[in-house]
Amino acid sequence: MRSRIFFATAALVAVLTTTAAGAFAGSAQSSCSQSPKSYQGYHVARVRLTSPLGFFAAANFGLDEVRKALPLKRGDAFDLAKYNDGVGEITRQIRLRFTDGFSGMRFVATVGELENCTSDSLEVNYVVFTAMLPPFSGRSFEHRQAELERPATTGGALGTTGRFLTIPDFGYDHTRHGYSGALIQTQVPLGIFDHIEAKSSASSNSFLAEFALSGKRTPATRFLGQSEWRLSGNYRDIPAGAQPLKEGMLAASFFGSTKALLQDELFFHYGASIAGGHQQGPTQDSPNSSYGDIKIVGGVEARWGSNAFTSSYGVQMGSTFTGNTLDFVKHVLDLRYSVVFNPLPKYLQKGQAHRQDDRPGLIGKDHKPLSLESRLNAGYIQVFGRVPGPERFFGGNSQQAPFIEGQPWDIRGQPYIRSIPENGLGSLASSFGVGGNRFYSFNLTVAKVVVGKALIPKDLGTADFVKSLDFGIDTAKGELSDTYFASDPAVKAATSEVSEIKKQIDELKLELPKFVFDAATTARIAPILKDLKSSVTVAGLTAQAILDKNKINETAIFMNTQIPLLEANLTKLQHALSAPEHSAVASQVGGMKDSLEMARMALKNNWTWTNTAAARSRADAHAEKDFSVAEKALNAFLYQLDAYSVAPVGILDIARVWPSGVGTRYAIGGGVRMSIINANFTLGYAANPRRAPGEGPGAFFFRIDVTDLFH
């Protein structure tokens, strides 16, 4: 069996390696040697937009629509001014597709290139690096852990968010044998929920299934920087030695995290859940019962330089509803520390900004980091009555053992040891029964990448691209500052300017139904009119809310996103009405757009600078502090991450569950971790030097999982 798995893995790795190599190689393009102004008047044979992450389809999503809006088009005579204007137009078009502010900051960096020049023609290529940066994060340790376990895919949250995602999941372990399944998730607005997830996996002796609705918001307050909530149902049927553990549960949960509270990025996270259902297990005191529980968890995490630390504590109060009493209280402690030796450019280090900029040389450089990760877990159950089997401690080499299902942090509720199959550590029968009421485990993992290929192409390591990066960062910081500025108590809404814009929006709303065209034109511009009417409605509602004084903090989004989007839609309509018979309407539309733009600039100037210097200073300081979290993730993406990598891994585990009839157990071994784009392969073996009766000499583990780079 193991040999078949090994050869199947080798074949799959070979196929993916070939695919990845082809994707990164791409089609060869010859850059033009002279300066762009030398090609004035040349025939433009092609205009294209590409992404450095072009091997992944989501990275190019929407770029074709942006290309259609560029001033320079295929068949035109090359014009240097239009070519340069294209960079700004790309940035504007991409940014307007997303809401700025606390919900996320759209970062865009664009560099133009001329390629395949002949005696009279050329091709124009705009290289677009775009990312959705989360302005706050309470998961600094989770990001560091991802760097350890998935060096090729960490930072994937910096990409284009997908609306629908399917991820296959299959692998092998001794407990479940070969298993397969899938995760399906999509984003849909359902009241307070915005995400649906369904996942399941099955094998010859097990079945797991879960369905969940979840939502998240970013209140951006000091003690509630991020919040998530979840409503879920799950079914679990999995062996524990010779006995099955079964449960069906419904649960509701809430999770929150603070903003960075100290300079060293100290965060607090907390959460709670309430659940109820039915459980079956092999324990002699409660083999088949109804069940309900309340869980509360809290912790602290910090990241400084290449180090990361987190400490979490969880308590669970459970009942089988026999006599309506509290049957048990479970306590879980989880401590983790990691360090990665993978330096950033010296230019980015504190106090080093005066040095020569070494960032271009590190963009596209292959990385071979050395990482160390350690973890200490412990748990204890206070028994007052009956304890269902699935709530006892079993432990083994299962990666998935969350204290609360759906938690945004990795807080384990079971001991972890890689030499013993899932649920095997506490499955040996004793006079007490099966499963323990106490445990501890310690895990140490060391990995060193020996082969890796940078995620970002080396061709982007230029001063022009770095300059574009800096501009994108400054723009994102400015918009975040605007959002804070609008929330400052000292800031008063510039009602006269907003009132003028609202007046123009109302006039536009009245004029739109008066535009009458022939059938062919009406059909051609229908999508543009639909977008225009939508943007008019949204901007009008926001303007009214600002004027009513109950949504003053919406001014930043109104000014930076909604009105520019309305102007862009008016421009589209004006360009679409290019026929001579439509010139009068086109001129009218253009005039509306120009008037709206002038009113917006007046709002920006007055609202930003009138008697608000102190408020602006506070907003800038907040934006700088919060953006530093996202900027570190962006820097890791640019200067530290590989598209594919191979890393030998060494492990040491120590664990014990009692009462179980055996003492402390160990795992010593290693394996190899391979990441290819967004497919992760882990293959290894952990020896079991202190075996219990009937146990094997160790456990072989193999897993394939696919990480969504852009979710």
# chains A, B, ... in the order shown; residues from 1 in each chain; ligands from 1
call {"tool": "residues_around", "arguments": {"residues": "Met559 of chain A", "least_positions_apart": "4", "cutoff": "9 Å", "atoms": "only C-alpha atoms", "output": "number ranges by chain"}}
result
A: 554-555, 563-564, 600-601, 603-604
call {"tool": "write_last_selection", "arguments": {"atoms": "N, CA and C atoms", "output": "tab-separated table (two decimals), in the first residue's frame"}}
result
chain	number	residue	atom	x	y	z
A	554	GLU	N	-18.64	58.04	6.80
A	554	GLU	CA	-18.70	57.49	5.44
A	554	GLU	C	-18.11	58.46	4.42
A	555	THR	N	-17.68	59.65	4.87
A	555	THR	CA	-17.18	60.66	3.93
A	555	THR	C	-15.99	60.16	3.14
A	563	ILE	N	-17.84	58.35	-5.46
A	563	ILE	CA	-17.93	59.39	-6.48
A	563	ILE	C	-16.97	59.13	-7.64
A	564	PRO	N	-15.69	58.71	-7.39
A	564	PRO	CA	-14.84	58.33	-8.53
A	564	PRO	C	-15.44	57.22	-9.39
A	600	ARG	N	-16.21	67.19	-6.20
A	600	ARG	CA	-15.48	66.22	-5.37
A	600	ARG	C	-14.15	66.80	-4.92
A	601	MET	N	-13.42	67.47	-5.81
A	601	MET	CA	-12.14	68.05	-5.44
A	601	MET	C	-12.32	69.16	-4.41
A	603	LEU	N	-14.69	69.22	-2.18
A	603	LEU	CA	-14.93	68.50	-0.93
A	603	LEU	C	-13.63	68.00	-0.34
A	604	LYS	N	-12.79	67.43	-1.16
A	604	LYS	CA	-11.54	66.87	-0.67
A	604	LYS	C	-10.65	67.96	-0.06
call {"tool": "closest_residue", "arguments": {"among": "A:Glu507, A:Asp464, A:Glu479, A:Glu497", "to": "Asn605 of chain A", "atoms": "only C-alpha atoms"}}
result
A:Glu497
call {"tool": "closest_residue", "arguments": {"among": "A:Leu49, A:Lys37, A:Ile274, A:Asp488", "to": "Ala81 of chain A", "atoms": "only C-alpha atoms"}}
result
A:Lys37
call {"tool": "closest_residue", "arguments": {"among": "A:His575, A:Lys330, A:Lys458, A:His195", "to": "Gln414 of chain A", "atoms": "only C-alpha atoms"}}
result
A:Lys330
